[in-house]
Amino acid sequence: MDQQSVQTVSALLPFVVLLIGFLVFKMNALKLSLYVWIFEIILVVFVFDMPIIKTLEASIWGNITIWNGFLVLWTGQIFGQCFRTTGALKVLLNTLERILPNKSGKAVALCSVVGGYLGAFNGFATYPVTITGLVRQGVDGFKAAVGYLVYFSWSVSFVSLFIAATIASTVTKLPVTEIVGIMGILTLPMIAVSVVGFFKILNFDLTDKHNRNIAILNFIANAVAVILFTQIFPDLYIVTLIAASTFNFLILWMYGKNMKTDDSEIREPLDTKLAVKAFLPLFAGSIVVVLFSYPLKNIISKVAFKCSLWGYSPISINLINTPGTYILITAILCYVFAINKTSTFFKDFCDASNRSKSSLITLFLGGAMVNLMVDTGQITLLAQHMTSWGATVYGLLLSGLGFLAGMSFGQGIPACAMFAKMQMASAQMLQSPAIILVGFSTMVTMGPANPLKPSLLQFTSSLANIKDRDGDMFNIAFKWQMIQLLIVCIFAMIFIK
């Protein structure tokens, strides 16, 4: 076997180790990420002749380039903690349970409104709220866990104020608004698949008039938000999920007002003042995002600074105009509009920071591995082999491998960064627009594979008190995620030329 063949096989080995570690040995994300990083260091030293000192420099620099990913993960945990301890979450849940009288309406209101509002600032924070909330509504724990995983998958690419698109833009230098535009187009059919899958898994009969209407309204609210803020007003892309939640809340509330209620199911009147107070931190946070994105953008851009180490090209860092800062401001606003003060911001800050350690370390290890692959040319090597079959086959390979990479990493961000970087080389070889390839890779590594991640299956099953049914959850979610992947493949054959 010649040197190039050995290096190509070596470039694929980390993915194989990730898949075996997750699917066969069911290792947790942190431990497996550590093993794969060490394995990658061995490969680059002995196969790609990288000096050991250089491997450490590359590992550190790779994480500096995705600094905004760390900030979002960390501040997202802080926001979730503050939103709970100030009483806003409890009031929000109680409010949502009153806007529609039937079971499917309560479930959709919970998942669409909470999933959107909380997910906009911290995607991972939604699972403990929505899944336990569904169980509290009387949904079977198994169905609640897998149903929400499938429903939430359409929005995973947009969570944490579009951290995936932000990372892809950082590593490729392409405009984030253009990346988001491609992601938005791909997302529209995913919404339909996720909504139908959610109703089917939870056994909500779609032949029932109210169930069908609620599903259609949910799709419309989400789709309108995606079209408005990724296609028509792309500069405001960052508020897409917040807008989707608001549209869902308003449209379901109006529909619920016209629904007939059984005598046994009389709804208590809403405490409007309290409900508004629960939403205030989210609305105020949205206003901050808009202000920073429009009137204050030019002023804030002046605080950016350049960073460069060990001969790498400098990157621009702006600690003010970044999603993580928006999230932190919103967390502070939870205390400004607090309903109950059962804690202090300092205590919440410390508790959340402590809880985020394992996620941050996992991201560091994934980012380190990705940059080692970039610096040693493994990404370019894979791109060369994949593009040699032509644009159509490349689009299918990108969809399939991106899906597997998204499922293999404990977090989607390292896979997103790696595949986005790969597309720059692939675009030159295929003579295809880089923005389309990057948009596809960002989408496919984040959303479609998310419900199939072993670590996430274990986490969500524990929330619903389910034991030893990860495999069953995987099998049920698999069908719906394969439909999403098939849609991505069809779009790839149409757009990638």
# chains A, B, ... in the order shown; residues from 1 in each chain; ligands from 1
call {"tool": "residues_around", "arguments": {"residues": "Ser301 of chain A", "least_positions_apart": "5", "cutoff": "9 Å", "atoms": "only C-alpha atoms", "output": "ChimeraX atom specification"}}
result
/A:296,318,320-321
call {"tool": "closest_residue", "arguments": {"among": "A:Asn28, A:Gln481, A:Asn211, A:Ser245", "to": "Lys103 of chain A", "atoms": "only C-alpha atoms"}}
result
A:Asn211
call {"tool": "closest_residue", "arguments": {"among": "A:Ser461, A:Asn450, A:Asn248, A:Asn122", "to": "Trp154 of chain A", "atoms": "only C-alpha atoms"}}
result
A:Asn450
call {"tool": "closest_residue", "arguments": {"among": "A:Ile413, A:Ala168, A:Ala449, A:Val289", "to": "Thr325 of chain A", "atoms": "only C-alpha atoms"}}
result
A:Val289
call {"tool": "residues_around", "arguments": {"residues": "Gly439 of chain A", "least_positions_apart": "3", "cutoff": "10 Å", "atoms": "only C-alpha atoms", "output": "list in words"}}
result
Ala165, Ala168, Ser169, Val176, Glu178, Ile179, Val180, Gly181, Ile182, Met183, Gly184, Ile185, Leu186, Ala420, Gln423, Ala434, Ile435, Ile436, Thr442, Met443 and Val444 of chain A
call {"tool": "write_last_selection", "arguments": {"atoms": "N, CA and C atoms", "output": "PDB file, in the first residue's frame"}}
result
ATOM      1  N   ALA A 165     -23.979  27.672  12.398  1.00  0.00           N
ATOM      2  CA  ALA A 165     -23.665  28.558  11.270  1.00  0.00           C
ATOM      3  C   ALA A 165     -22.530  29.507  11.629  1.00  0.00           C
ATOM      4  N   ALA A 168     -19.330  27.532  11.357  1.00  0.00           N
ATOM      5  CA  ALA A 168     -19.034  27.283   9.943  1.00  0.00           C
ATOM      6  C   ALA A 168     -18.500  28.543   9.275  1.00  0.00           C
ATOM      7  N   SER A 169     -19.079  29.684   9.613  1.00  0.00           N
ATOM      8  CA  SER A 169     -18.613  30.953   9.064  1.00  0.00           C
ATOM      9  C   SER A 169     -17.203  31.276   9.552  1.00  0.00           C
ATOM     10  N   VAL A 176     -22.096  34.487   7.312  1.00  0.00           N
ATOM     11  CA  VAL A 176     -23.003  33.625   8.057  1.00  0.00           C
ATOM     12  C   VAL A 176     -24.422  33.729   7.520  1.00  0.00           C
ATOM     13  N   GLU A 178     -25.398  34.017   4.458  1.00  0.00           N
ATOM     14  CA  GLU A 178     -25.546  33.183   3.265  1.00  0.00           C
ATOM     15  C   GLU A 178     -25.589  31.698   3.634  1.00  0.00           C
ATOM     16  N   ILE A 179     -24.803  31.309   4.634  1.00  0.00           N
ATOM     17  CA  ILE A 179     -24.861  29.921   5.117  1.00  0.00           C
ATOM     18  C   ILE A 179     -26.250  29.622   5.661  1.00  0.00           C
ATOM     19  N   VAL A 180     -26.765  30.547   6.446  1.00  0.00           N
ATOM     20  CA  VAL A 180     -28.094  30.394   7.033  1.00  0.00           C
ATOM     21  C   VAL A 180     -29.166  30.293   5.948  1.00  0.00           C
ATOM     22  N   GLY A 181     -28.996  31.026   4.850  1.00  0.00           N
ATOM     23  CA  GLY A 181     -29.957  30.970   3.754  1.00  0.00           C
ATOM     24  C   GLY A 181     -30.098  29.577   3.179  1.00  0.00           C
ATOM     25  N   ILE A 182     -28.984  28.903   2.962  1.00  0.00           N
ATOM     26  CA  ILE A 182     -29.029  27.516   2.462  1.00  0.00           C
ATOM     27  C   ILE A 182     -29.651  26.592   3.499  1.00  0.00           C
ATOM     28  N   MET A 183     -29.270  26.772   4.757  1.00  0.00           N
ATOM     29  CA  MET A 183     -29.825  25.939   5.833  1.00  0.00           C
ATOM     30  C   MET A 183     -31.342  26.103   5.922  1.00  0.00           C
ATOM     31  N   GLY A 184     -31.819  27.342   5.736  1.00  0.00           N
ATOM     32  CA  GLY A 184     -33.252  27.595   5.824  1.00  0.00           C
ATOM     33  C   GLY A 184     -34.033  26.841   4.764  1.00  0.00           C
ATOM     34  N   ILE A 185     -33.528  26.826   3.529  1.00  0.00           N
ATOM     35  CA  ILE A 185     -34.200  26.097   2.445  1.00  0.00           C
ATOM     36  C   ILE A 185     -34.282  24.609   2.767  1.00  0.00           C
ATOM     37  N   LEU A 186     -33.176  24.046   3.252  1.00  0.00           N
ATOM     38  CA  LEU A 186     -33.141  22.619   3.587  1.00  0.00           C
ATOM     39  C   LEU A 186     -34.055  22.282   4.761  1.00  0.00           C
ATOM     40  N   ALA A 420     -17.371  21.715   7.401  1.00  0.00           N
ATOM     41  CA  ALA A 420     -17.413  23.036   6.772  1.00  0.00           C
ATOM     42  C   ALA A 420     -16.058  23.367   6.164  1.00  0.00           C
ATOM     43  N   GLN A 423     -15.339  21.618   2.859  1.00  0.00           N
ATOM     44  CA  GLN A 423     -16.058  22.081   1.670  1.00  0.00           C
ATOM     45  C   GLN A 423     -15.297  23.136   0.885  1.00  0.00           C
ATOM     46  N   ALA A 434     -19.007  27.377  -2.967  1.00  0.00           N
ATOM     47  CA  ALA A 434     -18.646  26.905  -1.623  1.00  0.00           C
ATOM     48  C   ALA A 434     -19.789  27.098  -0.639  1.00  0.00           C
ATOM     49  N   ILE A 435     -20.557  28.172  -0.816  1.00  0.00           N
ATOM     50  CA  ILE A 435     -21.613  28.477   0.145  1.00  0.00           C
ATOM     51  C   ILE A 435     -22.668  27.379   0.180  1.00  0.00           C
ATOM     52  N   ILE A 436     -22.961  26.774  -0.972  1.00  0.00           N
ATOM     53  CA  ILE A 436     -23.946  25.689  -1.007  1.00  0.00           C
ATOM     54  C   ILE A 436     -23.417  24.465  -0.272  1.00  0.00           C
ATOM     55  N   THR A 442     -23.265  21.970   7.141  1.00  0.00           N
ATOM     56  CA  THR A 442     -23.666  22.484   8.449  1.00  0.00           C
ATOM     57  C   THR A 442     -25.007  21.913   8.868  1.00  0.00           C
ATOM     58  N   MET A 443     -25.914  21.815   7.923  1.00  0.00           N
ATOM     59  CA  MET A 443     -27.243  21.289   8.212  1.00  0.00           C
ATOM     60  C   MET A 443     -27.188  19.803   8.570  1.00  0.00           C
ATOM     61  N   VAL A 444     -26.514  19.020   7.733  1.00  0.00           N
ATOM     62  CA  VAL A 444     -26.593  17.564   7.876  1.00  0.00           C
ATOM     63  C   VAL A 444     -25.820  17.052   9.088  1.00  0.00           C
TER      64      VAL A 444
END
call {"tool": "atom_distance", "arguments": {"atom1": "atom CA of Ala109 of chain A", "atom2": "atom CA of Ile163 of chain A"}}
result
24.8 Å
call {"tool": "residues_around", "arguments": {"residues": "Ser153 of chain A", "least_positions_apart": "5", "cutoff": "9 Å", "atoms": "only C-alpha atoms", "output": "list in words"}}
result
Tyr148, Met190, Ile191, Ser194, Met446, Gly447, Pro448, Ala449, Asn450, Pro451 and Gln481 of chain A
call {"tool": "atom_distance", "arguments": {"atom1": "atom CA of Phe46 of chain A", "atom2": "atom CA of Leu372 of chain A"}}
result
13.1 Å
call {"tool": "residues_around", "arguments": {"residues": "Gly116 of chain A", "least_positions_apart": "3", "cutoff": "12 Å", "atoms": "only C-alpha atoms", "output": "ChimeraX atom specification"}}
result
/A:108-113,119-127,129-130,151-156,158-161,218,221-222,225,239-249,282
